[in-house]
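**Student:** Below is the structure I would like to discuss, written out as structure tokens.
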Amino acid sequence: MRTILITGPGGSGRTTLAAATALAAAAEGDHTLVLGTDRTDSLGAALGVATGPDPVQAAPHLTARRPDAALDFRRDLVALQDRASSALDLLGASRLDPEELTPLPGAEELALLRALRDAALSERYDTLVVDLPPAPQALALLALPEELRRYLRRLLPPERQAARALRPVLGRLAGVPMPAEWLYETAARWDLELAAVEAVVADRATVVRLVAEPGPAGADALRTAGLGLALRGLATDVVVANRVLPEASPDTWLAGPVAQQRKTLEEWRETYDVRTVAHLGHDPRGADDLTALAVPGVAQPAPATDWPVTDRLGEDGVLVWRIPLPGAIREELDLVRRGDELVVTAGRFRRVVPLPSVLRRCTVDGAALRDGELRIRFAPDPKLWPQGR
């Protein structure tokens, strides 16, 4: 299944283009699912069909759905209360009824991730189009599975589960209660669910499509989003320049905006594969308008997102880890080695990444940013490096 994640700055028309992309894929015969994220039904407004938690047929071969965060949150918390019933009874806690539960911050993101996972595992669709939130929230959402799994592994290490039979004994010796079985089981289930979502996001058949209106604000948002996605190792197949004004127009007042858009598009094309979508002169509504937008097809080639390790032991005595970071600024970069992990900070973004196995036996020898690529040099540690290498 090919997955297209669509985001961009707020007000860029990303939801409309997500609907148009899904409609175009369905028109080619692909069984397509489009997922919406807005609380208001902006996806349904674009498609001309109301959407909600239940899948609806929006067009031939096209299914639309908008997950209900409140429903998922209530279901999950009620299930958690049932699993922890013994602990809650011991503490004298009063259970919460489903009717009094309201979603906490983050519930919408988790509901969308679950819908993304379920769609991938169902194997019912050829193409999945996801209308992500605006770029800042979308970047945080895409980072969530990896970061939550890392927190779970640190707080409840899987290897400790092997000592289940010893927990009562250890509890008596330590004088403190040991974590209950249900806690480890819950953590293992969450880790499995998050791993499934992470696999979908990291899959080579998954791309991120950025939508922006050409202009100064769109250029700044695109530069920031591109850097955040690159740090996550996510591929951007194309940048869709939306609401592009016609070059030839009898209206003289359009000359300024047209010149500004032209300048921005020239700059974008130096870095990205840019496709333009013309301004229709009105807000697109319904299948006819969406078809008229002529969005890029879903079969665009995905660029490589590998972070290769280059062997320069013979020439310079180092291994070089090359991390593409287009748009990064040298003064806003920071690297910290922490055991077998590297903490990379680029602007407002940070990621903790495990070192490739060959680099774990090395020490950091320096780093440089050249042509939008971070190159980190590692020198073999004589204490750990195999002799004769």
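Ligands are numbered from 1 in the order shown, chains are lettered A, B, ... in the order of the structure tokens, and residues start at 1 in each chain.
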Step one, run DSSP on the backbone; step two, keep only residues of stretch 225-313 of chain A assigned to alpha helix (DSSP H); then write them as a PyMOL selection string.

**Tutor:** chain A and resi 225-231+255-269+286-292+313

**Student:** Output N, CA and C atoms of each residue in that selection to a file, as a compact mmCIF listing (two decimals), in the first residue's frame.

**Tutor:**
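What landed in result-v8.txt:
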```
# COMPACT_ATOMS: atom_id res chain seq x y z
N ALA A 225 9.54 22.98 7.74
CA ALA A 225 8.97 21.63 7.63
C ALA A 225 9.95 20.67 6.97
N GLY A 226 10.65 21.14 5.95
CA GLY A 226 11.62 20.28 5.26
C GLY A 226 12.73 19.82 6.17
N LEU A 227 13.20 20.73 7.05
CA LEU A 227 14.26 20.37 7.99
C LEU A 227 13.75 19.35 9.01
N GLY A 228 12.54 19.57 9.54
CA GLY A 228 11.99 18.63 10.51
C GLY A 228 11.77 17.25 9.93
N LEU A 229 11.30 17.18 8.70
CA LEU A 229 11.09 15.88 8.06
C LEU A 229 12.41 15.18 7.77
N ALA A 230 13.40 15.95 7.34
CA ALA A 230 14.70 15.34 7.04
C ALA A 230 15.33 14.75 8.30
N LEU A 231 15.19 15.44 9.43
CA LEU A 231 15.75 14.91 10.67
C LEU A 231 15.06 13.62 11.08
N ALA A 255 -0.25 41.96 -10.83
CA ALA A 255 1.16 41.93 -11.26
C ALA A 255 2.09 41.71 -10.09
N GLY A 256 1.84 42.38 -8.97
CA GLY A 256 2.70 42.23 -7.79
C GLY A 256 2.66 40.83 -7.21
N PRO A 257 1.48 40.29 -6.87
CA PRO A 257 1.40 38.93 -6.35
C PRO A 257 1.96 37.88 -7.30
N VAL A 258 1.74 38.07 -8.62
CA VAL A 258 2.25 37.10 -9.60
C VAL A 258 3.78 37.11 -9.60
N ALA A 259 4.38 38.30 -9.55
CA ALA A 259 5.84 38.40 -9.53
C ALA A 259 6.41 37.76 -8.26
N GLN A 260 5.73 37.97 -7.14
CA GLN A 260 6.18 37.37 -5.88
C GLN A 260 6.10 35.85 -5.93
N GLN A 261 5.01 35.32 -6.48
CA GLN A 261 4.88 33.87 -6.61
C GLN A 261 5.94 33.31 -7.55
N ARG A 262 6.20 34.02 -8.65
CA ARG A 262 7.20 33.55 -9.61
C ARG A 262 8.58 33.45 -8.96
N LYS A 263 8.95 34.47 -8.18
CA LYS A 263 10.25 34.47 -7.51
C LYS A 263 10.36 33.32 -6.51
N THR A 264 9.28 33.10 -5.73
CA THR A 264 9.29 32.01 -4.75
C THR A 264 9.41 30.65 -5.43
N LEU A 265 8.67 30.47 -6.53
CA LEU A 265 8.72 29.18 -7.23
C LEU A 265 10.10 28.90 -7.79
N GLU A 266 10.78 29.92 -8.28
CA GLU A 266 12.14 29.73 -8.79
C GLU A 266 13.08 29.28 -7.67
N GLU A 267 12.91 29.83 -6.48
CA GLU A 267 13.75 29.43 -5.35
C GLU A 267 13.44 28.01 -4.91
N TRP A 268 12.16 27.66 -4.88
CA TRP A 268 11.78 26.31 -4.46
C TRP A 268 12.31 25.26 -5.41
N ARG A 269 12.30 25.55 -6.69
CA ARG A 269 12.72 24.55 -7.68
C ARG A 269 14.20 24.23 -7.59
N GLY A 286 -16.62 19.86 -4.04
CA GLY A 286 -17.19 18.78 -4.84
C GLY A 286 -16.21 18.19 -5.83
N ALA A 287 -16.62 17.06 -6.41
CA ALA A 287 -15.74 16.28 -7.28
C ALA A 287 -15.28 17.05 -8.50
N ASP A 288 -16.16 17.85 -9.11
CA ASP A 288 -15.78 18.58 -10.33
C ASP A 288 -14.66 19.56 -10.05
N ASP A 289 -14.76 20.32 -8.97
CA ASP A 289 -13.71 21.27 -8.63
C ASP A 289 -12.41 20.56 -8.26
N LEU A 290 -12.51 19.47 -7.52
CA LEU A 290 -11.31 18.75 -7.11
C LEU A 290 -10.58 18.17 -8.32
N THR A 291 -11.35 17.67 -9.29
CA THR A 291 -10.73 17.14 -10.51
C THR A 291 -10.05 18.25 -11.30
N ALA A 292 -10.63 19.45 -11.28
CA ALA A 292 -10.05 20.57 -12.02
C ALA A 292 -8.74 21.05 -11.44
N LEU A 313 38.37 4.81 6.25
CA LEU A 313 39.44 4.36 7.15
C LEU A 313 40.79 4.36 6.44
```

**Student:** Would you kindly return, as a list of chain:residue names, each protein, DNA or RNA residue with an atom no farther than 7 Å from any atom of A:Ile323, considering only C-alpha atoms and excluding same-chain residues fewer than 4 positions away?

**Tutor:**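 Counting only C-alpha atoms, the residues come to A:Trp307, A:Glu373, A:Leu374, A:Arg375.
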
**Student:** Restricting the calculation to only C-alpha atoms: of A:Leu112, A:Asp30, A:Thr345, A:Gly44, which residue gets closest to A:Asp68?

**Tutor:**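 Using only C-alpha atoms, A:Asp68 sits closest to A:Leu112.
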
**Student:** Need the shell around stretch 146-152 of chain A: protein/DNA/RNA residues with any atom at most 9 Å away, counting only C-alpha atoms. Skip same-chain ones fewer than 2 positions apart. Format as a ChimeraX atom specification?

**Tutor:** /A:142-144,154-158,187-188,190-191,194-195,198,351-352

**Student:** Within 9 Å of A:Asp283, counting only C-alpha atoms, which residues show up once you throw out same-chain ones fewer than 4 positions away? Write them as a ChimeraX atom specification, please.

**Tutor:** /A:16,46,279,289

**Student:** Include C-alpha atoms and write out the residues we just selected as a PDB file, in the first residue's frame.

**Tutor:**
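Writing done, so here's again_12.pdb:
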```pdb
ATOM      1  CA  THR A  16      -8.591  20.345  -0.264  1.00  0.00           C
ATOM      2  CA  ALA A  46     -14.229  19.490   0.056  1.00  0.00           C
ATOM      3  CA  HIS A 279      -6.077  29.091  -8.348  1.00  0.00           C
ATOM      4  CA  ASP A 289     -13.705  21.269  -8.633  1.00  0.00           C
TER       5      ASP A 289
END
```

**Student:** Please provide as a list in words all residues within 9 Å of A:Arg275, with the sequence filter that same-chain residues fewer than 4 positions apart are discarded (counting only C-alpha atoms).

**Tutor:** Val238, Val239, Val240, Ala241, Asn242, Val295 and Pro296 of chain A

**Student:** One number please: atom CA of A:Thr63 to atom CA of A:Leu33, in Å, one decimal.

**Tutor:**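 Answer for the atom CA of A:Thr63 to atom CA of A:Leu33 separation: 4.8 Å.
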
**Student:** Given only C-alpha atoms as the basis, pick out the residue of A:Asp251, A:Gly218, A:Ala135, A:Val208 nearest to A:Thr236.

**Tutor:**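 The answer is A:Val208, which sits nearest to A:Thr236.
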
**Student:** Need the shell around A:Val56: protein/DNA/RNA residues with any atom at most 10 Å away, counting only C-alpha atoms. Skip same-chain ones fewer than 5 positions apart. Format as a PDB file with N, CA and C atoms, in the first residue's frame?

**Tutor:**
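Saved file around-v3.pdb follows:
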```pdb
ATOM      1  N   LEU A  33      -8.314   5.144   0.542  1.00  0.00           N
ATOM      2  CA  LEU A  33      -8.882   5.654   1.789  1.00  0.00           C
ATOM      3  C   LEU A  33      -8.249   7.001   2.074  1.00  0.00           C
ATOM      4  N   VAL A  49     -19.309  15.261   0.751  1.00  0.00           N
ATOM      5  CA  VAL A  49     -19.931  14.153   1.480  1.00  0.00           C
ATOM      6  C   VAL A  49     -19.519  14.275   2.942  1.00  0.00           C
ATOM      7  N   ALA A  50     -20.472  14.232   3.856  1.00  0.00           N
ATOM      8  CA  ALA A  50     -20.152  14.332   5.276  1.00  0.00           C
ATOM      9  C   ALA A  50     -19.324  13.130   5.713  1.00  0.00           C
ATOM     10  N   THR A  51     -18.278  13.382   6.518  1.00  0.00           N
ATOM     11  CA  THR A  51     -17.420  12.310   7.007  1.00  0.00           C
ATOM     12  C   THR A  51     -17.456  12.263   8.531  1.00  0.00           C
ATOM     13  N   LEU A  62     -13.387   5.218  -3.582  1.00  0.00           N
ATOM     14  CA  LEU A  62     -12.867   6.160  -2.590  1.00  0.00           C
ATOM     15  C   LEU A  62     -13.687   6.100  -1.300  1.00  0.00           C
ATOM     16  N   THR A  63     -12.991   5.802  -0.194  1.00  0.00           N
ATOM     17  CA  THR A  63     -13.593   5.786   1.130  1.00  0.00           C
ATOM     18  C   THR A  63     -12.994   6.916   1.947  1.00  0.00           C
ATOM     19  N   ALA A  64     -13.832   7.595   2.714  1.00  0.00           N
ATOM     20  CA  ALA A  64     -13.382   8.699   3.554  1.00  0.00           C
ATOM     21  C   ALA A  64     -13.751   8.422   5.007  1.00  0.00           C
ATOM     22  N   ARG A  65     -12.864   8.847   5.904  1.00  0.00           N
ATOM     23  CA  ARG A  65     -13.122   8.634   7.335  1.00  0.00           C
ATOM     24  C   ARG A  65     -12.437   9.720   8.139  1.00  0.00           C
ATOM     25  N   ARG A  66     -13.081  10.118   9.236  1.00  0.00           N
ATOM     26  CA  ARG A  66     -12.509  11.089  10.167  1.00  0.00           C
ATOM     27  C   ARG A  66     -12.593  10.496  11.566  1.00  0.00           C
TER      28      ARG A  66
END
```

**Student:** Which one is closest to A:Arg285: A:Ala202, A:Leu47, A:Leu35, A:Val336? Count only C-alpha atoms.

**Tutor:** A:Leu47

**Student:** What is the atom CA of A:Gly11-atom CA of A:Trp253 distance in Å, reported with one decimal?

**Tutor:** 22.4 Å

**Student:** Which residue gives the smallest distance to A:Gly327 among A:Arg124, A:Arg2, A:Arg360, A:Arg370, with only C-alpha atoms counted?

**Tutor:**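 The closest residue to A:Gly327 is A:Arg370.
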
**Student:** Taking into account only C-alpha atoms, which residue in the set A:Val358, A:Leu141, A:Leu234, A:Val318 is nearest to A:Trp385?

**Tutor:**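 The answer is A:Val358, which sits nearest to A:Trp385.
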
**Student:** At what distance in Å, to one decimal, does atom CA of A:Ala19 lie from atom CA of A:Val129?

**Tutor:** 8.2 Å

**Student:** Of the candidates A:Ala328, A:Leu293, A:Leu113, A:Ala27, which shows the shortest atom-to-atom distance to A:Ala138, using only C-alpha atoms?

**Tutor:**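 Ranked by minimum distance to A:Ala138, first place goes to A:Leu113.
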